[in-house]
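Listing of model37.txt; format and content: compact mmCIF, C-alpha atoms (C1' of nucleotides).
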```
# COMPACT_ATOMS: atom_id res chain seq x y z
CA MET Y 22 -2.77 30.73 23.60
CA ALA Y 23 -3.24 34.29 24.75
CA THR Y 24 -6.95 33.98 25.30
CA PRO Y 25 -7.99 36.53 27.94
CA LYS Y 26 -9.10 35.07 31.27
CA THR Y 27 -11.35 37.98 32.07
CA ALA Y 28 -14.27 35.74 32.93
CA ALA Y 29 -12.28 34.13 35.74
CA PHE Y 30 -12.53 37.27 37.84
CA SER Y 31 -15.38 38.80 39.81
CA GLU Y 32 -17.96 41.21 38.40
CA THR Y 33 -16.58 44.01 40.54
CA GLU Y 34 -13.05 43.42 39.36
CA GLN Y 35 -14.18 43.28 35.75
CA GLY Y 36 -16.23 46.43 36.09
CA LEU Y 37 -13.49 48.46 37.70
CA ALA Y 38 -10.98 47.19 35.16
CA ALA Y 39 -13.27 48.12 32.26
CA PHE Y 40 -13.70 51.60 33.67
CA ALA Y 41 -9.97 52.01 34.17
CA LYS Y 42 -9.35 50.80 30.64
CA ALA Y 43 -11.72 53.42 29.25
CA LEU Y 44 -9.60 56.12 30.87
CA SER Y 45 -6.25 54.46 30.20
CA HIS Y 46 -5.41 56.68 27.25
CA PRO Y 47 -4.48 60.38 27.60
CA ALA Y 48 -6.61 61.25 24.58
CA ARG Y 49 -9.72 59.92 26.30
CA ILE Y 50 -8.99 61.85 29.49
CA ALA Y 51 -8.48 64.94 27.32
CA ILE Y 52 -11.84 64.27 25.67
CA MET Y 53 -13.57 64.10 29.05
CA LYS Y 54 -12.04 67.48 29.91
CA ILE Y 55 -13.19 68.98 26.64
CA LEU Y 56 -16.71 67.63 27.08
CA ALA Y 57 -16.91 69.33 30.47
CA GLN Y 58 -15.46 72.63 29.32
CA GLN Y 59 -16.98 73.16 25.90
CA GLU Y 60 -20.37 74.74 25.48
CA ALA Y 61 -21.35 72.44 22.63
CA CYS Y 62 -19.75 69.01 22.57
CA ILE Y 63 -19.49 68.55 18.82
CA CYS Y 64 -17.21 65.87 17.47
CA GLY Y 65 -15.60 68.24 14.99
CA GLU Y 66 -14.50 70.64 17.73
CA ILE Y 67 -12.79 67.83 19.59
CA VAL Y 68 -10.98 66.88 16.40
CA GLU Y 69 -9.72 70.44 16.05
CA ILE Y 70 -8.38 70.51 19.60
CA LEU Y 71 -6.70 67.12 19.68
CA PRO Y 72 -3.63 66.25 17.57
CA LEU Y 73 -5.36 63.20 16.15
CA ALA Y 74 -7.12 62.29 12.95
CA GLN Y 75 -10.90 62.49 12.78
CA SER Y 76 -11.29 58.73 12.53
CA THR Y 77 -9.09 58.20 15.56
CA VAL Y 78 -11.10 60.64 17.66
CA SER Y 79 -14.29 58.91 16.55
CA GLN Y 80 -12.82 55.63 17.73
CA HIS Y 81 -11.97 57.05 21.16
CA LEU Y 82 -15.45 58.52 21.47
CA LYS Y 83 -16.92 55.13 20.66
CA GLU Y 84 -14.91 53.46 23.41
CA LEU Y 85 -15.97 56.03 25.97
CA LYS Y 86 -19.55 55.53 24.87
CA ASN Y 87 -19.26 51.74 25.10
CA ALA Y 88 -17.92 52.10 28.63
CA GLY Y 89 -21.00 54.22 29.41
CA LEU Y 90 -18.98 57.26 30.39
CA ILE Y 91 -20.46 59.48 27.70
CA ASP Y 92 -23.69 59.80 25.75
CA GLY Y 93 -24.04 60.80 22.15
CA SER Y 94 -26.89 62.29 20.16
CA VAL Y 95 -27.23 63.16 16.51
CA ASP Y 96 -27.77 66.84 15.72
CA GLY Y 97 -28.28 67.16 12.00
CA PRO Y 98 -25.12 66.04 10.25
CA LYS Y 99 -23.19 66.66 13.47
CA SER Y 100 -22.76 64.52 16.56
CA CYS Y 101 -23.10 65.89 20.05
CA TYR Y 102 -21.43 64.16 22.96
CA CYS Y 103 -21.64 64.76 26.68
CA ILE Y 104 -20.55 63.15 29.92
CA ASN Y 105 -22.86 60.61 31.55
CA TRP Y 106 -22.46 61.96 35.05
CA LYS Y 107 -24.44 59.20 36.68
CA ALA Y 108 -22.13 56.52 35.30
CA PHE Y 109 -19.01 58.59 35.85
CA GLU Y 110 -19.93 59.20 39.47
CA LYS Y 111 -20.76 55.54 40.02
CA PHE Y 112 -17.35 54.50 38.85
CA ASN Y 113 -15.72 57.21 40.93
CA VAL Y 114 -17.54 55.97 44.01
CA ASP Y 115 -16.67 52.35 43.23
CA PHE Y 116 -13.05 53.29 42.94
CA ASN Y 117 -13.04 55.23 46.20
CA THR Y 118 -14.70 52.26 47.86
CA LEU Y 119 -11.98 49.94 46.59
CA PHE Y 120 -9.29 52.27 47.88
CA SER Y 121 -10.75 52.75 51.35
CA THR Y 122 -11.66 49.09 51.71
CA LEU Y 123 -8.15 47.99 50.87
CA LYS Y 124 -6.65 50.55 53.21
CA THR Y 125 -8.86 49.36 56.07
CA GLN Y 126 -8.04 45.72 55.47
CA ASP Y 127 -4.33 46.31 55.12
CA LYS Y 128 -2.20 44.38 57.56
CA ASN Y 129 1.00 46.17 56.61
CA SER Y 130 2.93 43.08 57.60
CA CYS Y 131 5.79 43.04 55.11
CA CYS Y 132 7.94 45.40 53.02
CA MET M 22 1.71 54.24 11.34
CA ALA M 23 0.28 53.37 14.69
CA THR M 24 2.91 55.24 16.66
CA PRO M 25 1.39 56.36 19.98
CA LYS M 26 0.95 60.11 20.38
CA THR M 27 1.24 59.97 24.12
CA ALA M 28 3.74 62.83 24.22
CA ALA M 29 1.23 65.20 22.66
CA PHE M 30 -0.81 65.28 25.86
CA SER M 31 -0.23 66.98 29.20
CA GLU M 32 1.68 65.48 32.12
CA THR M 33 -1.48 65.22 34.16
CA GLU M 34 -3.32 63.43 31.40
CA GLN M 35 -0.42 61.06 30.88
CA GLY M 36 -0.11 60.36 34.58
CA LEU M 37 -3.77 59.64 35.11
CA ALA M 38 -3.85 57.47 32.01
CA ALA M 39 -0.82 55.49 33.17
CA PHE M 40 -2.45 54.91 36.53
CA ALA M 41 -5.68 53.81 34.91
CA LYS M 42 -3.78 51.51 32.61
CA ALA M 43 -2.10 49.82 35.57
CA LEU M 44 -5.52 48.95 36.96
CA SER M 45 -7.14 48.18 33.61
CA HIS M 46 -6.90 44.42 34.03
CA PRO M 47 -9.04 42.44 36.51
CA ALA M 48 -6.03 40.35 37.51
CA ARG M 49 -4.18 43.44 38.69
CA ILE M 50 -7.14 44.66 40.71
CA ALA M 51 -7.37 41.18 42.23
CA ILE M 52 -3.67 41.37 43.08
CA MET M 53 -4.16 44.67 44.87
CA LYS M 54 -6.94 43.07 46.92
CA ILE M 55 -4.76 40.10 47.80
CA LEU M 56 -1.87 42.34 48.81
CA ALA M 57 -4.16 44.17 51.22
CA GLN M 58 -5.74 41.05 52.67
CA GLN M 59 -2.86 38.61 52.96
CA GLU M 60 -0.56 38.63 55.94
CA ALA M 61 2.53 37.90 53.87
CA CYS M 62 2.50 39.15 50.28
CA ILE M 63 4.53 36.36 48.70
CA CYS M 64 4.43 35.95 44.95
CA GLY M 65 3.80 32.21 45.22
CA GLU M 66 0.64 32.73 47.27
CA ILE M 67 -0.76 35.07 44.66
CA VAL M 68 -0.06 32.48 42.00
CA GLU M 69 -2.02 29.89 44.01
CA ILE M 70 -5.02 32.17 44.34
CA LEU M 71 -5.21 33.45 40.78
CA PRO M 72 -6.09 31.22 37.80
CA LEU M 73 -2.97 32.30 35.96
CA ALA M 74 0.47 30.88 35.30
CA GLN M 75 3.36 31.92 37.50
CA SER M 76 5.05 33.82 34.69
CA THR M 77 1.87 35.72 33.92
CA VAL M 78 1.43 36.76 37.56
CA SER M 79 5.05 37.88 37.61
CA GLN M 80 4.36 40.03 34.58
CA HIS M 81 1.35 41.68 36.20
CA LEU M 82 3.34 42.33 39.36
CA LYS M 83 6.02 43.96 37.26
CA GLU M 84 3.52 46.30 35.65
CA LEU M 85 2.05 47.32 38.99
CA LYS M 86 5.57 47.94 40.24
CA ASN M 87 6.49 50.00 37.19
CA ALA M 88 3.40 52.11 37.78
CA GLY M 89 4.61 52.65 41.34
CA LEU M 90 1.51 51.15 42.90
CA ILE M 91 3.38 48.37 44.69
CA ASP M 92 6.82 47.77 46.15
CA GLY M 93 8.78 44.54 46.10
CA SER M 94 11.52 43.19 48.27
CA VAL M 95 13.52 40.00 48.07
CA ASP M 96 13.13 37.62 51.01
CA GLY M 97 15.46 34.71 50.47
CA PRO M 98 14.41 32.88 47.35
CA LYS M 99 10.96 34.42 47.70
CA SER M 100 9.64 37.82 46.69
CA CYS M 101 7.50 39.93 48.96
CA TYR M 102 5.19 42.55 47.52
CA CYS M 103 3.08 45.21 49.17
CA ILE M 104 0.99 48.21 48.24
CA ASN M 105 2.70 51.58 47.99
CA TRP M 106 0.01 53.49 49.84
CA LYS M 107 1.54 56.88 49.26
CA ALA M 108 1.44 56.43 45.48
CA PHE M 109 -1.95 54.72 45.54
CA GLU M 110 -3.46 57.53 47.56
CA LYS M 111 -1.90 60.18 45.34
CA PHE M 112 -3.49 58.65 42.28
CA ASN M 113 -6.79 58.29 44.09
CA VAL M 114 -6.70 61.98 45.03
CA ASP M 115 -5.72 62.98 41.50
CA PHE M 116 -8.62 61.04 40.13
CA ASN M 117 -11.10 62.55 42.58
CA THR M 118 -9.77 65.97 41.66
CA LEU M 119 -10.35 65.29 37.99
CA PHE M 120 -13.88 64.17 38.67
CA SER M 121 -14.86 67.12 40.86
CA THR M 122 -13.13 69.63 38.60
CA LEU M 123 -14.97 68.38 35.56
CA LYS M 124 -18.27 68.37 37.41
CA THR M 125 -17.76 71.95 38.52
CA GLN M 126 -16.83 73.13 35.04
CA ASP M 127 -19.67 71.30 33.36
CA LYS M 128 -21.98 73.52 31.39
CA ASN M 129 -24.50 70.79 30.72
CA SER M 130 -25.46 72.52 27.51
CA CYS M 131 -26.25 69.64 25.22
CA CYS M 132 -27.53 66.04 25.26
C1' DT F 23 -31.16 68.13 -7.66
C1' DA F 24 -26.39 68.68 -6.81
C1' DA F 25 -22.74 69.88 -3.90
C1' DT F 26 -20.93 70.42 0.71
C1' DT F 27 -20.37 69.24 5.41
C1' DT F 28 -19.99 66.07 9.08
C1' DT F 29 -19.20 61.80 11.15
C1' DA F 30 -19.05 56.69 11.49
C1' DT F 31 -17.15 52.74 9.63
C1' DC F 32 -13.89 49.91 6.87
C1' DG F 33 -9.43 48.37 5.77
C1' DT F 34 -4.84 48.26 7.04
C1' DA F 35 -0.33 48.68 9.41
C1' DT F 36 2.02 48.83 13.57
C1' DT F 37 2.49 48.51 18.42
C1' DT F 38 1.28 46.85 22.76
C1' DG F 39 -0.92 43.57 25.93
C1' DT F 40 -1.90 38.91 27.53
C1' DA F 41 -0.70 34.30 28.41
C1' DC F 42 2.05 30.24 28.64
C1' DG F 43 6.10 27.01 28.83
C1' DA F 44 10.90 26.78 29.38
C1' DT F 45 14.85 28.32 31.44
C1' DA F 46 18.16 30.88 34.27
C1' DA F 47 19.43 32.89 38.62
C1' DA F 48 19.42 33.01 43.50
C1' DT F 49 18.73 31.15 47.92
C1' DG F 50 18.06 27.69 51.40
C1' DA F 51 18.22 22.76 52.64
C1' DA F 52 20.19 18.11 52.56
C1' DT W 1 28.59 20.49 47.11
C1' DT W 2 24.35 19.01 45.41
C1' DC W 3 19.50 19.38 45.18
C1' DA W 4 15.12 21.57 45.70
C1' DT W 5 12.47 25.81 45.82
C1' DT W 6 11.18 30.18 44.19
C1' DT W 7 10.86 33.81 41.00
C1' DA W 8 12.26 36.72 37.05
C1' DT W 9 13.13 36.67 32.38
C1' DC W 10 13.15 34.84 27.57
C1' DG W 11 10.87 33.29 23.62
C1' DT W 12 6.71 32.72 21.42
C1' DA W 13 1.85 32.98 19.92
C1' DC W 14 -2.20 35.27 19.66
C1' DA W 15 -5.39 39.14 20.82
C1' DA W 16 -6.34 43.82 21.31
C1' DA W 17 -5.27 48.71 20.97
C1' DT W 18 -3.74 52.71 18.32
C1' DA W 19 -3.52 55.47 14.34
C1' DC W 20 -4.43 56.83 9.71
C1' DG W 21 -6.53 57.34 4.99
C1' DA W 22 -10.40 56.29 2.29
C1' DT W 23 -15.05 55.82 1.90
C1' DA W 24 -19.99 55.56 2.91
C1' DA W 25 -24.03 57.54 5.00
C1' DA W 26 -26.87 61.31 6.46
C1' DA W 27 -28.27 65.99 6.54
C1' DT W 28 -27.85 70.75 5.43
C1' DT W 29 -26.95 74.25 1.78
C1' DA W 30 -26.78 76.17 -2.78
```

Could I get this structure in the form of structure tokens?
Amino acid sequence: MATPKTAAFSETEQGLAAFAKALSHPARIAIMKILAQQEACICGEIVEILPLAQSTVSQHLKELKNAGLIDGSVDGPKSCYCINWKAFEKFNVDFNTLFSTLKTQDKNSCC
Amino acid sequence: MATPKTAAFSETEQGLAAFAKALSHPARIAIMKILAQQEACICGEIVEILPLAQSTVSQHLKELKNAGLIDGSVDGPKSCYCINWKAFEKFNVDFNTLFSTLKTQDKNSCC
DNA sequence: TAATTTTATCGTATTTGTACGATAAATGAA
DNA sequence: TTCATTTATCGTACAAATACGATAAAATTA
């Protein structure tokens, strides 16, 4: 059986992995860039910029939202998205912490 | 068709996404921790620590190696792995750059 | 009210990821 | 040489991700 063993790992490892997974597709990184650069973060504008179908973009937006990296609000018939900077920064800090912790612990004993 | 449109995105986006994908599984983050903490980075020791089959661990090691995050060398019948700090740091820097660039550009106009 | 616009969701097809057991290849030990 | 140890790879099964068209839901416009 290919049942995921996610639960067997620590909260920190799961959290960092979930964050990394949210940004593991170039389209989602592109969306984060667009959200930062555009004046109004309307779904339709993102669809126009990216070479993907509307439904696919909606799916990517949903994943970013589930990961907490972006927020979304309804504006009439349109949907407005923006970056959740607090969450984004938290993950960035967590990742930097992992990197520096590992580098400090490193024994550099083989290879 | 569900053919990936990876090629439609920029090199930077693809690179960051590939890096994130390599760390998008808790087992691979755990492996990075083990490689930093253990004196000798033998495959068999990693297998003993993680709740995964030997073949599964081997697969995860292969993915980390393909992403360039770790190096591997044969030591008799054993395999020794270690973190490729140059590559790991490069990705860490790239990611920090993305974060700070986006934050600088942010217009914070909606939501 | 009726038509248009916008977006989320559904259904579906295809690809990729995850996990395991079994096996092969390589090395060291008996 | 023969046997044991170690690890990578193969085959397989199932789960999840990716992508699209079609459609439903909600709100504005005519």

Counting only C-alpha atoms (C1' of nucleotides), which residues from chain W have an atom at most 10 Å from any atom of chain M, and could you show them as a PyMOL selection string?
-> chain W and resi 5-9+17-20

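Between chain F and the residues Y:Thr77, Y:Thr33, Y:Asn105, Y:Thr125, the shortest atom-to-atom distance, using only C-alpha atoms (C1' of nucleotides), involves Y:Thr77.
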
Could you write out chain Y as a PDB file with C-alpha atoms, in the coordinates of the input once it has been least-squares superposed on chain M using every ordered C-alpha pair?
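Full text of superposed.pdb as output:
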```
ATOM      1  CA  MET Y  22       1.792  54.297  11.244  1.00  0.00           C
ATOM      2  CA  ALA Y  23       0.322  53.487  14.620  1.00  0.00           C
ATOM      3  CA  THR Y  24       2.952  55.328  16.584  1.00  0.00           C
ATOM      4  CA  PRO Y  25       1.431  56.405  19.913  1.00  0.00           C
ATOM      5  CA  LYS Y  26       0.924  60.148  20.341  1.00  0.00           C
ATOM      6  CA  THR Y  27       1.224  60.004  24.090  1.00  0.00           C
ATOM      7  CA  ALA Y  28       3.726  62.835  24.197  1.00  0.00           C
ATOM      8  CA  ALA Y  29       1.192  65.207  22.646  1.00  0.00           C
ATOM      9  CA  PHE Y  30      -0.830  65.285  25.845  1.00  0.00           C
ATOM     10  CA  SER Y  31      -0.258  66.982  29.182  1.00  0.00           C
ATOM     11  CA  GLU Y  32       1.683  65.484  32.088  1.00  0.00           C
ATOM     12  CA  THR Y  33      -1.492  65.223  34.132  1.00  0.00           C
ATOM     13  CA  GLU Y  34      -3.334  63.422  31.383  1.00  0.00           C
ATOM     14  CA  GLN Y  35      -0.428  61.053  30.859  1.00  0.00           C
ATOM     15  CA  GLY Y  36      -0.107  60.356  34.554  1.00  0.00           C
ATOM     16  CA  LEU Y  37      -3.768  59.628  35.093  1.00  0.00           C
ATOM     17  CA  ALA Y  38      -3.852  57.463  31.983  1.00  0.00           C
ATOM     18  CA  ALA Y  39      -0.813  55.478  33.141  1.00  0.00           C
ATOM     19  CA  PHE Y  40      -2.430  54.900  36.508  1.00  0.00           C
ATOM     20  CA  ALA Y  41      -5.689  53.820  34.913  1.00  0.00           C
ATOM     21  CA  LYS Y  42      -3.804  51.486  32.609  1.00  0.00           C
ATOM     22  CA  ALA Y  43      -2.105  49.822  35.568  1.00  0.00           C
ATOM     23  CA  LEU Y  44      -5.522  48.958  36.976  1.00  0.00           C
ATOM     24  CA  SER Y  45      -7.151  48.178  33.635  1.00  0.00           C
ATOM     25  CA  HIS Y  46      -6.903  44.424  34.061  1.00  0.00           C
ATOM     26  CA  PRO Y  47      -9.045  42.443  36.544  1.00  0.00           C
ATOM     27  CA  ALA Y  48      -6.041  40.342  37.532  1.00  0.00           C
ATOM     28  CA  ARG Y  49      -4.175  43.432  38.703  1.00  0.00           C
ATOM     29  CA  ILE Y  50      -7.143  44.668  40.727  1.00  0.00           C
ATOM     30  CA  ALA Y  51      -7.366  41.178  42.240  1.00  0.00           C
ATOM     31  CA  ILE Y  52      -3.666  41.370  43.097  1.00  0.00           C
ATOM     32  CA  MET Y  53      -4.159  44.685  44.891  1.00  0.00           C
ATOM     33  CA  LYS Y  54      -6.934  43.069  46.938  1.00  0.00           C
ATOM     34  CA  ILE Y  55      -4.750  40.112  47.807  1.00  0.00           C
ATOM     35  CA  LEU Y  56      -1.857  42.349  48.820  1.00  0.00           C
ATOM     36  CA  ALA Y  57      -4.149  44.175  51.236  1.00  0.00           C
ATOM     37  CA  GLN Y  58      -5.724  41.056  52.688  1.00  0.00           C
ATOM     38  CA  GLN Y  59      -2.850  38.616  52.958  1.00  0.00           C
ATOM     39  CA  GLU Y  60      -0.561  38.600  55.946  1.00  0.00           C
ATOM     40  CA  ALA Y  61       2.533  37.908  53.867  1.00  0.00           C
ATOM     41  CA  CYS Y  62       2.495  39.122  50.282  1.00  0.00           C
ATOM     42  CA  ILE Y  63       4.525  36.344  48.700  1.00  0.00           C
ATOM     43  CA  CYS Y  64       4.430  35.927  44.956  1.00  0.00           C
ATOM     44  CA  GLY Y  65       3.780  32.203  45.209  1.00  0.00           C
ATOM     45  CA  GLU Y  66       0.622  32.715  47.268  1.00  0.00           C
ATOM     46  CA  ILE Y  67      -0.771  35.068  44.659  1.00  0.00           C
ATOM     47  CA  VAL Y  68      -0.069  32.463  41.999  1.00  0.00           C
ATOM     48  CA  GLU Y  69      -2.028  29.897  43.989  1.00  0.00           C
ATOM     49  CA  ILE Y  70      -5.038  32.185  44.325  1.00  0.00           C
ATOM     50  CA  LEU Y  71      -5.228  33.461  40.767  1.00  0.00           C
ATOM     51  CA  PRO Y  72      -6.111  31.234  37.785  1.00  0.00           C
ATOM     52  CA  LEU Y  73      -2.985  32.307  35.945  1.00  0.00           C
ATOM     53  CA  ALA Y  74       0.433  30.875  35.284  1.00  0.00           C
ATOM     54  CA  GLN Y  75       3.343  31.909  37.479  1.00  0.00           C
ATOM     55  CA  SER Y  76       5.038  33.818  34.679  1.00  0.00           C
ATOM     56  CA  THR Y  77       1.861  35.725  33.921  1.00  0.00           C
ATOM     57  CA  VAL Y  78       1.416  36.763  37.544  1.00  0.00           C
ATOM     58  CA  SER Y  79       5.042  37.877  37.632  1.00  0.00           C
ATOM     59  CA  GLN Y  80       4.367  40.026  34.593  1.00  0.00           C
ATOM     60  CA  HIS Y  81       1.345  41.676  36.221  1.00  0.00           C
ATOM     61  CA  LEU Y  82       3.336  42.319  39.382  1.00  0.00           C
ATOM     62  CA  LYS Y  83       6.041  43.959  37.308  1.00  0.00           C
ATOM     63  CA  GLU Y  84       3.546  46.309  35.681  1.00  0.00           C
ATOM     64  CA  LEU Y  85       2.078  47.319  39.014  1.00  0.00           C
ATOM     65  CA  LYS Y  86       5.584  47.926  40.283  1.00  0.00           C
ATOM     66  CA  ASN Y  87       6.505  49.997  37.223  1.00  0.00           C
ATOM     67  CA  ALA Y  88       3.410  52.117  37.780  1.00  0.00           C
ATOM     68  CA  GLY Y  89       4.618  52.652  41.364  1.00  0.00           C
ATOM     69  CA  LEU Y  90       1.517  51.143  42.909  1.00  0.00           C
ATOM     70  CA  ILE Y  91       3.390  48.373  44.690  1.00  0.00           C
ATOM     71  CA  ASP Y  92       6.825  47.768  46.164  1.00  0.00           C
ATOM     72  CA  GLY Y  93       8.749  44.546  46.104  1.00  0.00           C
ATOM     73  CA  SER Y  94      11.525  43.168  48.272  1.00  0.00           C
ATOM     74  CA  VAL Y  95      13.512  39.972  48.091  1.00  0.00           C
ATOM     75  CA  ASP Y  96      13.128  37.605  51.042  1.00  0.00           C
ATOM     76  CA  GLY Y  97      15.468  34.700  50.505  1.00  0.00           C
ATOM     77  CA  PRO Y  98      14.401  32.856  47.380  1.00  0.00           C
ATOM     78  CA  LYS Y  99      10.940  34.398  47.726  1.00  0.00           C
ATOM     79  CA  SER Y 100       9.619  37.792  46.702  1.00  0.00           C
ATOM     80  CA  CYS Y 101       7.489  39.917  48.965  1.00  0.00           C
ATOM     81  CA  TYR Y 102       5.185  42.538  47.526  1.00  0.00           C
ATOM     82  CA  CYS Y 103       3.086  45.202  49.181  1.00  0.00           C
ATOM     83  CA  ILE Y 104       1.002  48.213  48.251  1.00  0.00           C
ATOM     84  CA  ASN Y 105       2.713  51.598  48.007  1.00  0.00           C
ATOM     85  CA  TRP Y 106       0.019  53.492  49.849  1.00  0.00           C
ATOM     86  CA  LYS Y 107       1.552  56.881  49.250  1.00  0.00           C
ATOM     87  CA  ALA Y 108       1.451  56.431  45.481  1.00  0.00           C
ATOM     88  CA  PHE Y 109      -1.926  54.724  45.537  1.00  0.00           C
ATOM     89  CA  GLU Y 110      -3.431  57.544  47.563  1.00  0.00           C
ATOM     90  CA  LYS Y 111      -1.877  60.174  45.315  1.00  0.00           C
ATOM     91  CA  PHE Y 112      -3.482  58.657  42.282  1.00  0.00           C
ATOM     92  CA  ASN Y 113      -6.784  58.313  44.101  1.00  0.00           C
ATOM     93  CA  VAL Y 114      -6.684  61.984  45.021  1.00  0.00           C
ATOM     94  CA  ASP Y 115      -5.704  62.981  41.483  1.00  0.00           C
ATOM     95  CA  PHE Y 116      -8.620  61.042  40.137  1.00  0.00           C
ATOM     96  CA  ASN Y 117     -11.080  62.570  42.587  1.00  0.00           C
ATOM     97  CA  THR Y 118      -9.738  65.985  41.656  1.00  0.00           C
ATOM     98  CA  LEU Y 119     -10.333  65.294  37.973  1.00  0.00           C
ATOM     99  CA  PHE Y 120     -13.879  64.174  38.683  1.00  0.00           C
ATOM    100  CA  SER Y 121     -14.845  67.127  40.862  1.00  0.00           C
ATOM    101  CA  THR Y 122     -13.125  69.635  38.603  1.00  0.00           C
ATOM    102  CA  LEU Y 123     -14.969  68.374  35.563  1.00  0.00           C
ATOM    103  CA  LYS Y 124     -18.265  68.355  37.411  1.00  0.00           C
ATOM    104  CA  THR Y 125     -17.763  71.960  38.522  1.00  0.00           C
ATOM    105  CA  GLN Y 126     -16.837  73.125  35.048  1.00  0.00           C
ATOM    106  CA  ASP Y 127     -19.671  71.292  33.361  1.00  0.00           C
ATOM    107  CA  LYS Y 128     -21.999  73.496  31.376  1.00  0.00           C
ATOM    108  CA  ASN Y 129     -24.514  70.737  30.737  1.00  0.00           C
ATOM    109  CA  SER Y 130     -25.499  72.482  27.538  1.00  0.00           C
ATOM    110  CA  CYS Y 131     -26.290  69.594  25.212  1.00  0.00           C
ATOM    111  CA  CYS Y 132     -27.564  65.997  25.271  1.00  0.00           C
TER     112      CYS Y 132
END
```

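Proximity to chain M was assessed for Y:Glu69, Y:Ala57, Y:Phe120, Y:Leu37 counting all atoms listed in the file; the smallest distance is recorded for Y:Ala57.
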
Given a cut-off of 7 Å, which residues of chain M touch chain Y, counting all atoms listed in the file, written out as a PyMOL selection string?
-> chain M and resi 27+30+34-35+38-39+41-42+44-47+50-51+54+57-58+60-61+94+101-103+123+126-128+130-132

Go ahead and save the picked residues with C-alpha atoms, as a short mmCIF file (atom, residue, chain, number, x, y, z; two decimals), keeping the file's coordinate frame.
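Ended up saving to out.cif:
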```cif
data_model
loop_
_atom_site.label_atom_id
_atom_site.label_comp_id
_atom_site.auth_asym_id
_atom_site.auth_seq_id
_atom_site.Cartn_x
_atom_site.Cartn_y
_atom_site.Cartn_z
CA THR M 27 1.24 59.97 24.12
CA PHE M 30 -0.81 65.28 25.86
CA GLU M 34 -3.32 63.43 31.40
CA GLN M 35 -0.42 61.06 30.88
CA ALA M 38 -3.85 57.47 32.01
CA ALA M 39 -0.82 55.49 33.17
CA ALA M 41 -5.68 53.81 34.91
CA LYS M 42 -3.78 51.51 32.61
CA LEU M 44 -5.52 48.95 36.96
CA SER M 45 -7.14 48.18 33.61
CA HIS M 46 -6.90 44.42 34.03
CA PRO M 47 -9.04 42.44 36.51
CA ILE M 50 -7.14 44.66 40.71
CA ALA M 51 -7.37 41.18 42.23
CA LYS M 54 -6.94 43.07 46.92
CA ALA M 57 -4.16 44.17 51.22
CA GLN M 58 -5.74 41.05 52.67
CA GLU M 60 -0.56 38.63 55.94
CA ALA M 61 2.53 37.90 53.87
CA SER M 94 11.52 43.19 48.27
CA CYS M 101 7.50 39.93 48.96
CA TYR M 102 5.19 42.55 47.52
CA CYS M 103 3.08 45.21 49.17
CA LEU M 123 -14.97 68.38 35.56
CA GLN M 126 -16.83 73.13 35.04
CA ASP M 127 -19.67 71.30 33.36
CA LYS M 128 -21.98 73.52 31.39
CA SER M 130 -25.46 72.52 27.51
CA CYS M 131 -26.25 69.64 25.22
CA CYS M 132 -27.53 66.04 25.26
#
```

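Counting from CA of Asn87 in chain Y, the distance to C1' of DT38 in chain F is 21.2 Å.
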
If we count all atoms listed in the file, which residues of chain F reach to within 10 Å of chain M? Please list them as a PDB file with C-alpha atoms (C1' of nucleotides), in the frame of the given file.
```
ATOM      1  C1'  DT F  34      -4.840  48.260   7.040  1.00  0.00           C
ATOM      2  C1'  DA F  35      -0.330  48.680   9.410  1.00  0.00           C
ATOM      3  C1'  DT F  36       2.020  48.830  13.570  1.00  0.00           C
ATOM      4  C1'  DT F  37       2.490  48.510  18.420  1.00  0.00           C
ATOM      5  C1'  DT F  38       1.280  46.850  22.760  1.00  0.00           C
ATOM      6  C1'  DT F  40      -1.900  38.910  27.530  1.00  0.00           C
ATOM      7  C1'  DA F  41      -0.700  34.300  28.410  1.00  0.00           C
ATOM      8  C1'  DC F  42       2.050  30.240  28.640  1.00  0.00           C
ATOM      9  C1'  DG F  43       6.100  27.010  28.830  1.00  0.00           C
ATOM     10  C1'  DA F  48      19.420  33.010  43.500  1.00  0.00           C
ATOM     11  C1'  DT F  49      18.730  31.150  47.920  1.00  0.00           C
ATOM     12  C1'  DG F  50      18.060  27.690  51.400  1.00  0.00           C
TER      13       DG F  50
END
```

Find the distance between CA of Ile67 in chain Y and CA of Ile52 in chain Y and write it in Å to one decimal.
->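 Distance reported for this atom pair: 7.1 Å.
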
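Between CA of Ala108 in chain M and CA of Leu90 in chain M the interatomic distance comes to 5.9 Å.
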
Add whatever atoms are absent from range 83-88 of chain M to reach N, CA and C atoms, and provide the output as a PDB file, keeping the file's coordinate frame.
```pdb
ATOM      1  N   LYS M  83       5.024  43.045  37.816  1.00  0.00           N
ATOM      2  CA  LYS M  83       6.020  43.960  37.260  1.00  0.00           C
ATOM      3  C   LYS M  83       5.368  45.256  36.774  1.00  0.00           C
ATOM      4  N   GLU M  84       4.214  45.119  36.156  1.00  0.00           N
ATOM      5  CA  GLU M  84       3.520  46.300  35.650  1.00  0.00           C
ATOM      6  C   GLU M  84       3.030  47.192  36.789  1.00  0.00           C
ATOM      7  N   LEU M  85       2.504  46.555  37.824  1.00  0.00           N
ATOM      8  CA  LEU M  85       2.050  47.320  38.990  1.00  0.00           C
ATOM      9  C   LEU M  85       3.231  48.032  39.642  1.00  0.00           C
ATOM     10  N   LYS M  86       4.372  47.347  39.648  1.00  0.00           N
ATOM     11  CA  LYS M  86       5.570  47.940  40.240  1.00  0.00           C
ATOM     12  C   LYS M  86       6.076  49.099  39.393  1.00  0.00           C
ATOM     13  N   ASN M  87       6.065  48.928  38.087  1.00  0.00           N
ATOM     14  CA  ASN M  87       6.490  50.000  37.190  1.00  0.00           C
ATOM     15  C   ASN M  87       5.606  51.236  37.340  1.00  0.00           C
ATOM     16  N   ALA M  88       4.328  50.999  37.587  1.00  0.00           N
ATOM     17  CA  ALA M  88       3.400  52.110  37.780  1.00  0.00           C
ATOM     18  C   ALA M  88       3.574  52.749  39.152  1.00  0.00           C
TER      19      ALA M  88
END
```
